[in-house]
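Novice: Structure file entry-v4.cif (mmCIF, C-alpha atoms) is given on the next line.
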data_my_file
loop_
_atom_site.label_atom_id
_atom_site.label_comp_id
_atom_site.auth_asym_id
_atom_site.auth_seq_id
_atom_site.Cartn_x
_atom_site.Cartn_y
_atom_site.Cartn_z
CA MET T 1 -43.82 86.56 27.29
CA LYS T 2 -45.64 86.33 30.60
CA THR T 3 -48.95 85.62 28.82
CA THR T 4 -47.36 82.95 26.63
CA LEU T 5 -45.89 81.24 29.69
CA HIS T 6 -49.27 81.44 31.46
CA MET T 7 -50.97 79.85 28.43
CA LEU T 8 -48.35 77.11 28.23
CA VAL T 9 -48.54 76.30 31.94
CA THR T 10 -52.36 76.19 31.79
CA LEU T 11 -52.43 73.84 28.82
CA VAL T 12 -49.78 71.56 30.35
CA ALA T 13 -51.66 71.48 33.68
CA VAL T 14 -55.00 70.69 32.00
CA GLY T 15 -53.32 68.02 29.86
CA MET T 16 -51.69 66.46 32.94
CA PHE T 17 -54.99 66.44 34.81
CA SER T 18 -56.67 64.80 31.81
CA GLY T 19 -53.95 62.20 31.26
CA GLY T 20 -53.72 61.32 34.95
CA SER T 21 -57.49 60.94 35.37
CA LEU T 22 -57.83 58.81 32.25
CA SER T 23 -54.92 56.61 33.27
CA LEU T 24 -56.56 55.90 36.64
CA VAL T 25 -59.99 55.22 35.15
CA ASN T 26 -58.49 53.02 32.42
CA ASP T 27 -56.61 50.94 35.03
CA TRP T 28 -59.94 50.28 36.75
CA ALA T 29 -62.12 49.80 33.65
CA ASP T 30 -59.86 47.81 31.33
CA PRO T 31 -59.98 44.47 33.23
CA LEU T 32 -63.78 44.81 33.53
CA ILE T 33 -64.17 45.53 29.80
CA GLN T 34 -61.96 42.54 28.93
CA ALA T 35 -63.98 40.35 31.30
CA ASN T 36 -67.28 41.54 29.74
CA GLN T 37 -66.01 40.69 26.26
CA ALA T 38 -64.76 37.28 27.37
CA ARG T 39 -68.07 36.58 29.14
CA ALA T 40 -70.10 37.51 26.03
CA ARG T 41 -67.88 35.26 23.88
CA ASP T 42 -67.99 32.29 26.29
CA GLU T 43 -71.73 32.68 26.77
CA ALA T 44 -72.23 32.67 22.98
CA ILE T 45 -70.08 29.53 22.56
CA GLY T 46 -72.02 27.76 25.33
CA PHE T 47 -75.32 28.77 23.75
CA LEU T 48 -74.35 27.69 20.23
CA VAL T 49 -72.75 24.32 21.10
CA PRO T 50 -73.82 23.47 24.65
CA GLY T 51 -72.18 20.96 26.94
CA GLY T 52 -68.57 20.86 25.78
CA ASP T 53 -65.12 22.31 26.27
CA ALA T 54 -64.05 25.00 23.82
CA GLU T 55 -60.51 24.96 22.48
CA GLN T 56 -59.42 27.87 20.29
CA VAL T 57 -57.81 26.38 17.19
CA VAL T 58 -57.65 29.32 14.76
CA ASP T 59 -57.01 33.06 15.09
CA ARG T 60 -55.99 34.21 11.63
CA ASP T 61 -57.15 36.62 8.91
CA GLY T 62 -60.05 37.90 11.03
CA LEU T 63 -61.35 34.39 11.74
CA VAL T 64 -61.36 32.88 15.22
CA ALA T 65 -62.47 29.24 15.52
CA TRP T 66 -63.10 27.00 18.49
CA ARG T 67 -63.45 23.23 18.44
CA ILE T 68 -65.98 22.03 21.03
CA THR T 69 -65.28 18.60 22.47
CA ALA T 70 -66.90 16.44 25.14
CA ASN T 71 -65.46 13.09 26.31
CA GLY T 72 -62.88 13.16 23.54
CA GLU T 73 -65.49 13.59 20.79
CA VAL T 74 -65.95 16.69 18.67
CA ARG T 75 -69.40 18.18 19.43
CA GLY T 76 -69.17 21.02 16.95
CA TRP T 77 -67.33 24.14 15.84
CA VAL T 78 -67.88 27.81 16.57
CA LEU T 79 -66.49 30.47 14.25
CA ARG T 80 -66.25 34.18 14.89
CA HIS T 81 -66.09 36.45 11.88
CA ALA T 82 -67.11 40.02 11.06
CA GLY T 83 -68.16 41.83 7.91
CA ILE T 84 -69.81 45.02 6.75
CA GLY T 85 -73.57 45.31 7.27
CA PHE T 86 -76.00 48.03 6.21
CA GLN T 87 -74.42 50.74 8.39
CA ASP T 88 -71.42 49.30 10.17
CA LYS T 89 -69.64 46.08 11.09
CA ILE T 90 -71.61 42.94 11.98
CA ASP T 91 -69.75 40.61 14.36
CA LEU T 92 -71.08 37.04 14.21
CA MET T 93 -70.59 33.74 16.00
CA ILE T 94 -71.48 30.77 13.77
CA ALA T 95 -71.90 27.14 14.88
CA LEU T 96 -71.13 24.16 12.63
CA ASP T 97 -71.84 20.48 13.18
CA PRO T 98 -68.88 18.15 14.01
CA GLU T 99 -68.33 17.25 10.33
CA ARG T 100 -68.67 20.89 9.27
CA ARG T 101 -71.37 20.03 6.72
CA HIS T 102 -74.15 22.14 8.20
CA VAL T 103 -74.54 25.49 9.88
CA CYS T 104 -76.32 24.83 13.16
CA GLY T 105 -76.45 28.14 14.98
CA LEU T 106 -75.91 31.88 14.78
CA ARG T 107 -75.41 34.62 17.38
CA VAL T 108 -74.90 38.33 16.60
CA LEU T 109 -72.28 39.76 18.96
CA ALA T 110 -72.43 43.33 17.62
CA ASP T 111 -74.23 45.23 14.88
CA SER T 112 -75.54 48.70 14.03
CA GLU T 113 -78.38 47.65 11.72
CA THR T 114 -81.57 49.70 11.31
CA PRO T 115 -83.81 49.27 14.36
CA GLY T 116 -87.03 47.47 13.48
CA LEU T 117 -85.69 46.21 10.14
CA GLY T 118 -82.08 45.03 9.95
CA THR T 119 -82.03 44.30 13.68
CA TRP T 120 -84.13 41.18 12.95
CA ILE T 121 -80.79 39.50 12.15
CA ARG T 122 -80.59 39.10 15.96
CA LEU T 123 -82.34 36.23 17.65
CA ARG T 124 -85.53 37.33 19.37
CA ALA T 125 -85.42 37.01 23.15
CA GLU T 126 -88.20 34.37 23.22
CA HIS T 127 -86.37 32.24 20.64
CA GLU T 128 -83.11 32.60 22.52
CA ARG T 129 -84.82 31.38 25.71
CA ALA T 130 -86.54 28.53 23.90
CA LEU T 131 -83.35 27.39 22.14
CA ALA T 132 -81.29 27.59 25.34
CA GLY T 133 -83.81 25.35 27.09
CA SER T 134 -84.19 22.83 24.24
CA ALA T 135 -81.67 19.96 24.32
CA ASP T 136 -82.43 18.80 20.77
CA ARG T 137 -82.98 22.34 19.46
CA ASP T 138 -86.41 21.31 18.20
CA LEU T 139 -88.79 24.27 18.23
CA GLY T 140 -91.49 22.51 16.24
CA PRO T 141 -92.54 23.46 12.72
CA GLU T 142 -90.58 26.40 11.30
CA VAL T 143 -92.72 29.56 11.22
CA ASP T 144 -92.56 31.42 7.92
CA ASP T 145 -91.90 34.90 9.34
CA SER T 146 -89.00 37.04 8.17
CA LYS T 147 -88.61 38.32 11.75
CA ASN T 148 -87.45 34.78 12.56
CA PHE T 149 -84.54 35.17 10.11
CA PRO T 150 -81.75 33.82 12.38
CA LEU T 151 -83.75 30.68 13.23
CA GLN T 152 -82.97 29.48 9.69
CA PHE T 153 -79.35 28.97 10.76
CA PHE T 154 -80.26 26.54 13.54
CA ALA T 155 -80.44 22.81 13.04
CA TRP T 156 -84.11 21.96 13.13
CA GLY T 157 -85.28 18.60 14.36
CA GLY T 158 -86.39 16.92 11.12
CA GLY T 159 -86.20 20.24 9.26
CA ARG T 160 -83.78 21.58 6.69
CA HIS T 161 -80.14 22.20 7.63
CA LEU T 162 -78.25 25.00 5.96
CA SER T 163 -75.17 24.02 4.03
CA ALA T 164 -71.71 24.88 5.41
CA ALA T 165 -70.01 24.74 2.01
CA GLY T 166 -69.82 28.52 1.62
CA ASP T 167 -72.57 28.50 -1.02
CA LEU T 168 -75.50 30.06 0.86
CA LYS T 169 -77.69 32.45 -1.14
CA VAL T 170 -80.34 34.96 -0.08
CA VAL T 171 -83.76 34.52 -1.70
CA LYS T 172 -86.80 36.79 -1.62
CA GLY T 173 -90.51 36.16 -2.02
CA ARG T 174 -90.52 32.39 -1.53
CA PRO T 175 -91.87 30.49 1.48
CA ARG T 176 -89.41 28.60 3.64
CA SER T 177 -91.04 25.29 2.79
CA ASP T 178 -89.78 25.74 -0.82
CA LEU T 179 -86.20 26.56 0.12
CA GLY T 180 -83.23 24.25 -0.25
CA PRO T 181 -80.19 23.77 2.03
CA GLY T 182 -78.30 26.55 0.23
CA GLU T 183 -81.09 29.15 0.44
CA VAL T 184 -81.86 31.67 3.15
CA GLN T 185 -85.07 33.68 3.20
CA ALA T 186 -84.32 37.45 3.38
CA ILE T 187 -85.79 39.74 6.01
CA THR T 188 -88.56 41.83 4.43
CA ALA T 189 -87.20 45.36 3.71
CA ALA T 190 -83.74 44.43 5.03
CA THR T 191 -82.18 42.47 2.18
CA ILE T 192 -78.79 44.16 2.60
CA SER T 193 -78.56 43.09 6.25
CA SER T 194 -79.68 39.55 5.34
CA GLN T 195 -77.13 39.39 2.52
CA ALA T 196 -74.40 40.69 4.86
CA VAL T 197 -75.07 37.89 7.37
CA VAL T 198 -75.01 35.24 4.64
CA ASP T 199 -71.78 36.69 3.19
CA ILE T 200 -70.12 36.61 6.62
CA VAL T 201 -71.18 32.98 7.18
CA ASN T 202 -69.93 31.96 3.72
CA ALA T 203 -66.63 33.80 4.18
CA ALA T 204 -66.08 32.23 7.62
CA VAL T 205 -66.63 28.63 6.51
CA LEU T 206 -64.53 29.10 3.35
CA LYS T 207 -61.68 30.60 5.39
CA LEU T 208 -61.80 27.69 7.84
CA ASP T 209 -61.82 25.20 4.96
CA ALA T 210 -58.83 26.93 3.35
CA LEU T 211 -56.87 26.90 6.62
CA LEU T 212 -57.68 23.23 7.16
CA ALA T 213 -56.69 22.36 3.59
CA ALA T 214 -53.40 24.24 4.00
CA GLN T 215 -52.64 22.19 7.10
CA GLY T 216 -53.59 18.81 5.67
CA GLY T 217 -57.10 18.69 7.13
CA THR T 218 -56.18 18.97 10.81
CA LEU T 219 -55.80 21.79 13.26
CA MET X 1 -85.19 83.27 50.87
CA SER X 2 -84.70 85.28 47.70
CA LYS X 3 -81.35 83.55 47.07
CA GLN X 4 -83.06 80.14 47.44
CA MET X 5 -85.70 81.23 44.89
CA THR X 6 -82.98 82.33 42.48
CA ILE X 7 -81.23 78.98 42.74
CA ASN X 8 -84.54 77.18 42.16
CA ALA X 9 -85.17 79.32 39.10
CA GLU X 10 -81.63 78.64 37.90
CA PHE X 11 -82.27 74.90 38.12
CA ALA X 12 -85.80 75.03 36.67
CA LYS X 13 -84.91 77.12 33.62
CA GLY X 14 -83.14 74.15 31.99
CA LEU X 15 -86.13 71.92 32.57
CA TRP X 16 -88.65 74.04 30.69
CA GLU X 17 -88.07 77.74 29.91
CA HIS X 18 -84.59 77.29 28.38
CA ASN X 19 -84.84 73.56 27.72
CA PRO X 20 -81.77 72.64 25.61
CA VAL X 21 -83.76 70.54 23.11
CA LEU X 22 -87.15 72.29 22.96
CA ARG X 23 -86.09 75.94 23.26
CA GLN X 24 -82.38 76.16 22.43
CA LEU X 25 -82.44 73.34 19.82
CA LEU X 26 -78.99 72.19 20.93
CA GLY X 27 -77.61 68.65 20.75
CA MET X 28 -79.87 67.73 17.85
CA CYS X 29 -77.56 64.96 16.57
CA PRO X 30 -77.93 62.59 19.57
CA THR X 31 -81.51 63.79 20.07
CA LEU X 32 -82.53 62.48 16.67
CA ALA X 33 -80.15 59.54 16.36
CA VAL X 34 -80.30 57.59 19.63
CA THR X 35 -83.94 58.05 20.65
CA THR X 36 -85.21 54.81 19.11
CA SER X 37 -86.23 53.72 22.63
CA ALA X 38 -86.96 55.37 25.97
CA ILE X 39 -84.05 53.61 27.70
CA ASN X 40 -81.62 54.96 25.09
CA GLY X 41 -82.97 58.45 25.87
CA VAL X 42 -82.38 57.94 29.60
CA GLY X 43 -78.86 56.53 29.04
CA MET X 44 -77.78 59.29 26.66
CA GLY X 45 -79.39 61.99 28.83
CA LEU X 46 -77.73 60.83 32.05
CA ALA X 47 -74.34 60.41 30.38
CA THR X 48 -74.61 63.97 29.04
CA THR X 49 -75.78 65.26 32.45
CA PHE X 50 -72.74 63.68 34.15
CA VAL X 51 -70.31 65.21 31.65
CA LEU X 52 -72.09 68.59 31.75
CA THR X 53 -72.05 68.73 35.56
CA CYS X 54 -68.44 67.61 36.02
CA ALA X 55 -67.15 69.81 33.20
CA SER X 56 -69.10 72.84 34.48
CA LEU X 57 -67.75 72.34 38.01
CA MET X 58 -64.16 71.99 36.80
CA ILE X 59 -64.38 74.96 34.42
CA SER X 60 -65.99 77.13 37.08
CA LEU X 61 -63.23 76.23 39.58
CA LEU X 62 -60.52 77.05 37.03
CA ARG X 63 -62.23 80.08 35.47
CA LYS X 64 -59.86 82.62 37.02
CA LEU X 65 -56.74 80.60 36.16
CA ILE X 66 -57.41 79.86 32.47
CA PRO X 67 -56.26 82.67 30.13
CA GLY X 68 -58.91 83.77 27.61
CA GLN X 69 -56.72 82.87 24.62
CA VAL X 70 -56.64 79.16 25.47
CA ARG X 71 -60.01 78.83 27.19
CA ILE X 72 -61.77 76.90 24.40
CA ALA X 73 -58.85 74.44 24.03
CA SER X 74 -58.79 73.93 27.82
CA PHE X 75 -62.59 73.49 27.99
CA ILE X 76 -62.51 70.87 25.23
CA VAL X 77 -59.74 68.88 26.96
CA VAL X 78 -61.71 68.94 30.25
CA ILE X 79 -64.94 67.91 28.47
CA ALA X 80 -63.18 65.15 26.49
CA THR X 81 -61.68 63.79 29.72
CA PHE X 82 -65.10 63.38 31.35
CA VAL X 83 -66.60 61.95 28.15
CA THR X 84 -63.86 59.30 28.00
CA ILE X 85 -64.47 58.49 31.68
CA VAL X 86 -68.21 58.00 30.92
CA ASP X 87 -67.39 55.91 27.83
CA LEU X 88 -65.03 53.59 29.75
CA THR X 89 -67.41 53.34 32.72
CA MET X 90 -70.34 52.41 30.49
CA LYS X 91 -68.27 49.80 28.65
CA ALA X 92 -67.20 48.34 32.01
CA GLN X 93 -70.51 48.49 33.89
CA PHE X 94 -73.29 48.76 31.27
CA PRO X 95 -71.92 46.98 28.16
CA GLU X 96 -75.35 46.49 26.56
CA MET X 97 -76.27 50.16 26.81
CA SER X 98 -72.80 51.16 25.63
CA LYS X 99 -73.29 48.94 22.55
CA SER X 100 -76.71 50.41 21.95
CA LEU X 101 -75.55 54.05 22.13
CA GLY X 102 -72.47 53.27 20.03
CA ALA X 103 -70.49 56.22 18.72
CA PHE X 104 -72.82 58.78 20.27
CA ILE X 105 -71.16 58.54 23.70
CA PRO X 106 -67.70 59.66 22.43
CA LEU X 107 -69.52 62.30 20.36
CA ILE X 108 -70.78 64.00 23.55
CA VAL X 109 -67.46 65.89 23.31
CA VAL X 110 -68.87 67.91 20.43
CA ASN X 111 -72.37 68.31 21.90
CA CYS X 112 -73.08 72.06 21.72
CA ILE X 113 -74.91 72.04 25.08
CA ILE X 114 -71.74 71.25 26.99
CA LEU X 115 -69.38 73.75 25.38
CA GLY X 116 -72.26 76.25 25.25
CA ARG X 117 -72.93 76.09 29.01
CA ALA X 118 -69.18 76.07 29.76
CA GLU X 119 -68.63 79.24 27.74
CA ALA X 120 -71.89 81.05 28.54
CA PHE X 121 -72.35 80.10 32.21
CA ALA X 122 -69.72 78.00 34.03
CA SER X 123 -66.81 80.25 33.03
CA LYS X 124 -68.63 83.30 34.46
CA ASN X 125 -70.23 81.92 37.64
CA ASN X 126 -69.23 80.28 40.92
CA PRO X 127 -69.06 76.45 41.18
CA GLY X 128 -72.37 76.13 43.07
CA ARG X 129 -74.38 78.00 40.44
CA ALA X 130 -72.50 76.21 37.64
CA ILE X 131 -73.53 72.82 39.06
CA ILE X 132 -77.18 73.90 39.52
CA ASP X 133 -77.29 75.21 35.95
CA ALA X 134 -75.65 72.03 34.57
CA LEU X 135 -78.00 69.74 36.50
CA GLY X 136 -81.08 71.67 35.29
CA MET X 137 -79.90 71.66 31.67
CA GLY X 138 -78.82 68.00 31.85
CA LEU X 139 -82.10 66.82 33.36
CA GLY X 140 -84.06 68.93 30.86
CA PHE X 141 -82.09 67.24 28.07
CA THR X 142 -82.71 63.80 29.64
CA ALA X 143 -86.46 64.46 30.00
CA SER X 144 -86.75 65.58 26.36
CA LEU X 145 -84.79 62.58 25.03
CA THR X 146 -86.75 60.14 27.18
CA THR X 147 -90.09 61.59 26.03
CA LEU X 148 -89.00 61.51 22.39
CA GLY X 149 -87.63 57.96 22.75
CA GLY X 150 -90.76 56.84 24.63
CA ILE X 151 -93.15 58.12 21.94
CA ARG X 152 -91.07 56.52 19.18
CA GLU X 153 -90.75 53.22 21.04
CA VAL X 154 -94.50 52.97 21.81
CA LEU X 155 -95.59 53.78 18.25
CA GLY X 156 -92.72 52.06 16.46
CA ASN X 157 -92.39 48.93 18.56
CA GLY X 158 -95.48 48.73 20.80
CA THR X 159 -93.31 48.73 23.95
CA LEU X 160 -92.19 51.24 26.57
CA PHE X 161 -88.90 50.56 28.40
CA GLY X 162 -89.10 47.11 26.78
CA VAL X 163 -92.52 46.30 28.27
CA GLN X 164 -95.37 45.59 25.84
CA VAL X 165 -97.92 48.42 26.23
CA MET X 166 -99.86 48.20 22.98
CA PRO X 167 -102.31 45.38 22.27
CA HIS X 168 -100.84 42.43 20.36
CA GLN X 169 -103.08 43.26 17.38
CA TYR X 170 -101.30 46.63 17.05
CA VAL X 171 -99.15 46.81 13.92
CA PRO X 172 -96.05 48.89 14.79
CA TRP X 173 -95.35 51.99 12.70
CA ILE X 174 -91.82 51.10 11.67
CA VAL X 175 -91.34 54.64 10.35
CA MET X 176 -91.31 55.93 13.93
CA ILE X 177 -88.10 54.03 14.66
CA LEU X 178 -86.48 55.20 11.45
CA PRO X 179 -84.89 58.69 11.13
CA ALA X 180 -88.13 60.09 9.63
CA GLY X 181 -89.95 59.19 12.86
CA ALA X 182 -87.39 61.16 14.89
CA PHE X 183 -87.96 64.29 12.79
CA LEU X 184 -91.76 63.90 12.87
CA THR X 185 -91.89 63.36 16.64
CA LEU X 186 -89.46 66.19 17.42
CA GLY X 187 -91.42 68.52 15.13
CA LEU X 188 -94.67 67.69 16.93
CA MET X 189 -93.04 68.11 20.35
CA LEU X 190 -91.66 71.52 19.32
CA GLY X 191 -95.08 72.55 18.02
CA ILE X 192 -96.83 71.56 21.26
CA TYR X 193 -94.11 73.25 23.36
CA ASN X 194 -94.40 76.50 21.39
CA LYS X 195 -98.21 76.42 21.45
CA PHE X 196 -98.23 75.89 25.22
CA ASN X 197 -95.70 78.68 25.81
CA HIS X 198 -97.57 81.03 23.48
CA ARG X 199 -100.83 80.47 25.38
CA HIS X 200 -99.06 80.94 28.69
CA GLU X 201 -97.48 84.21 27.52
CA GLU X 202 -100.82 85.48 26.18
CA ALA X 203 -102.56 84.67 29.46
CA ALA X 204 -99.81 86.47 31.39
CA LEU X 205 -100.13 89.49 29.07
CA ARG X 206 -103.91 89.55 29.51
CA ALA X 207 -103.55 89.36 33.28
CA ALA X 208 -101.04 92.24 33.24
CA ARG X 209 -103.39 94.37 31.08
CA LEU X 210 -106.32 93.68 33.41
CA ALA X 211 -104.21 94.57 36.43
CA ALA X 212 -103.09 97.81 34.75
CA ALA X 213 -106.69 98.66 33.81
CA ALA X 214 -107.86 97.95 37.38
CA LYS X 215 -105.15 100.27 38.73
CA GLY X 216 -106.22 102.99 36.27
CA VAL X 217 -109.84 102.78 37.49
#
Let me see the file written as structure tokens.

Specialist:
Amino acid sequence: MKTTLHMLVTLVAVGMFSGGSLSLVNDWADPLIQANQARARDEAIGFLVPGGDAEQVVDRDGLVAWRITANGEVRGWVLRHAGIGFQDKIDLMIALDPERRHVCGLRVLADSETPGLGTWIRLRAEHERALAGSADRDLGPEVDDSKNFPLQFFAWGGGRHLSAAGDLKVVKGRPRSDLGPGEVQAITAATISSQAVVDIVNAAVLKLDALLAAQGGTL
Amino acid sequence: MSKQMTINAEFAKGLWEHNPVLRQLLGMCPTLAVTTSAINGVGMGLATTFVLTCASLMISLLRKLIPGQVRIASFIVVIATFVTIVDLTMKAQFPEMSKSLGAFIPLIVVNCIILGRAEAFASKNNPGRAIIDALGMGLGFTASLTTLGGIREVLGNGTLFGVQVMPHQYVPWIVMILPAGAFLTLGLMLGIYNKFNHRHEEAALRAARLAAAAKGV
């Protein structure tokens, strides 16, 4: 009886120590974690459609959408949607033009793709810097390199614009100069990751279209 | 003086002689999975060192109060508490590294090094020695993971801690960043470690024989 009581008291004391410590740490960390997530989201919106005010217009069925306006005019749309990648969830931010006809930007918020292969779905640091500093998003002629995979989703000055009709397809073994507005060149040896990104983009724009249609074309 | 030497030896044993990765082959899951870069090795190693040190201190302090029948359950709750503190702190202060290490931070709870040192050392020794042992083991683990991550990053990506170290003409060996690269690199590191130790032991044996022969003469 004495041993049982000793065991019980020990486990309760250890549990109370654990619960108390975690409660204190959580009180400190939670606002910081929320702020980090909000900062990453706001920074991604500002990067994808710069120079406007973001208004969240949709948060339904796993889709979050912001309308970006400046001086009363719509500058573009940013959608957040997630889907399954090669190993785990891929969380994407997708930019659309004001009329929602073209995809004009992509930012990966989270992924667990294979380092050195599937991770090429993320923008390379030098491209991110160049795009952030380019007002017209014109990086010159598009380089045919599968490591530049996400650049295909940006609106190129005078180049091709990917369709935002939910009909994007992944293609392999063809140069970018031969591709149409519904075709995305796959990353070499990471077709599943490339397909996952395209599926997420298609699903996001179709969901937004369906929500708009259900509400008579306005949000 | 002799006590100081003993404490030094206690600390140093985790760094080389009883290194958790190279000698004890403990914590192989994070060792192989997160070491795609040197910085991941440092992050994982330091997170494990923090948990190991705090858990060892707490378990050593409570060692006379915890009944044997519930010791493992109590140790796991203490370890899980510190792991959750590390997880929340990393998410709050180092969100990029937290994202990069992913599920392997919460999985420190089941890292054999921590429960192993708690059961084999901290629960039988005073808090001072428990901390020295935990720091030695933790830093030995960190050094091994950083070396493994560094080799894989240089060969698989051409960079070290994100800085380009290989010439631009170098074509990265992608296999080094994939799981196969982790097994290959760890295997080579274990081979070199064993070879070095074997030579060292042979030299010590030869010296002892010579000394014995000299005494006999």

Novice: Please provide as number ranges by chain all residues within 8 Å of Val83 (chain X), with the sequence filter that same-chain residues fewer than 4 positions apart are discarded (counting all atoms listed in the file).

Specialist: X: 51, 79, 87, 105-106, 108-109

Novice: Expressed in Å to a single decimal, how great is the separation between CA of Asp97 (chain T) and CA of Ala210 (chain T)?

Specialist: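 Here the two named atoms are 17.5 Å from each other.
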
Novice: Name the residues captured by the PyMOL selection byres ((chain X) within 7 of (chain T)) when it is applied to the shown file; answer as a ChimeraX atom specification.

Specialist: /X:66-67,70,74,78,81,85,88-89,91-92,174,177

Novice: On this file, the PyMOL selection byres ((chain X and resi 135-150) around 7) gives some set of residues; write that set as a PyMOL selection string.

Specialist: chain X and resi 11-16+19-21+31+35-38+41-42+45-46+48-49+52-53+131-134+151-154+160+185-186

Novice: Might you pull out every residue within 10 Å of Trp120 (chain T), with only C-alpha atoms counted and same-chain residues fewer than 6 positions away left off, and present them as a list of chain:residue names?

Specialist: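 The neighbour list is T:Glu113, T:Thr114, T:Ser146, T:Lys147, T:Asn148, T:Phe149, T:Pro150, T:Ile187, T:Thr188, T:Ala190, T:Ser193, T:Ser194.
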
Novice: Provide the CA of Cys54 (chain X) to CA of Arg71 (chain X) distance in Å, to one decimal place.

Specialist: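 Separation between CA of Cys54 (chain X) and CA of Arg71 (chain X): 16.6 Å.
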
Novice: Could you tell me how far CA of Gly52 (chain T) lies from CA of Gly83 (chain T), in Å and to one decimal?

Specialist: 27.6 Å

Novice: Give me, as number ranges by chain, all polymer residues having an atom no more than 10 Å from His127 (chain T), counting all atoms listed in the file and skipping those fewer than 2 positions away in the same chain.

Specialist: T: 123-125, 129-133, 139, 148, 150-151

Novice: Output C-alpha atoms for every residue in the selection just made, as an mmCIF file, in the frame of the given file.

Specialist:
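Saved the output as again.cif:
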data_model
loop_
_atom_site.group_PDB
_atom_site.id
_atom_site.type_symbol
_atom_site.label_atom_id
_atom_site.label_comp_id
_atom_site.auth_asym_id
_atom_site.auth_seq_id
_atom_site.Cartn_x
_atom_site.Cartn_y
_atom_site.Cartn_z
ATOM 1 C CA LEU T 123 -82.340 36.230 17.650
ATOM 2 C CA ARG T 124 -85.530 37.330 19.370
ATOM 3 C CA ALA T 125 -85.420 37.010 23.150
ATOM 4 C CA ARG T 129 -84.820 31.380 25.710
ATOM 5 C CA ALA T 130 -86.540 28.530 23.900
ATOM 6 C CA LEU T 131 -83.350 27.390 22.140
ATOM 7 C CA ALA T 132 -81.290 27.590 25.340
ATOM 8 C CA GLY T 133 -83.810 25.350 27.090
ATOM 9 C CA LEU T 139 -88.790 24.270 18.230
ATOM 10 C CA ASN T 148 -87.450 34.780 12.560
ATOM 11 C CA PRO T 150 -81.750 33.820 12.380
ATOM 12 C CA LEU T 151 -83.750 30.680 13.230
#

Novice: Please produce, as a tab-separated table, a per-residue contact table for region 37-113 of chain T versus region 176-185 of chain T (criterion: any atom at most 12 Å away, all atoms listed in the file considered), showing the nearest atom pair and its distance in Å to one decimal, sorted by chain then residue number.

Specialist:
residue	atom	partner	partner_atom	distance
T:Arg101	CA	T:Pro181	CA	10.7
T:His102	CA	T:Pro181	CA	8.8
T:Val103	CA	T:Pro181	CA	9.8
T:Cys104	CA	T:Pro181	CA	11.8

Novice: I'd like the residues picked by the PyMOL selection byres ((chain X and resi 62-64) around 10) written out as a PyMOL selection string, using the chain letters and numbers from the file.

Specialist: (chain T and resi 10+14) or (chain X and resi 56-61+65-68+71+74-75+118+122-127)
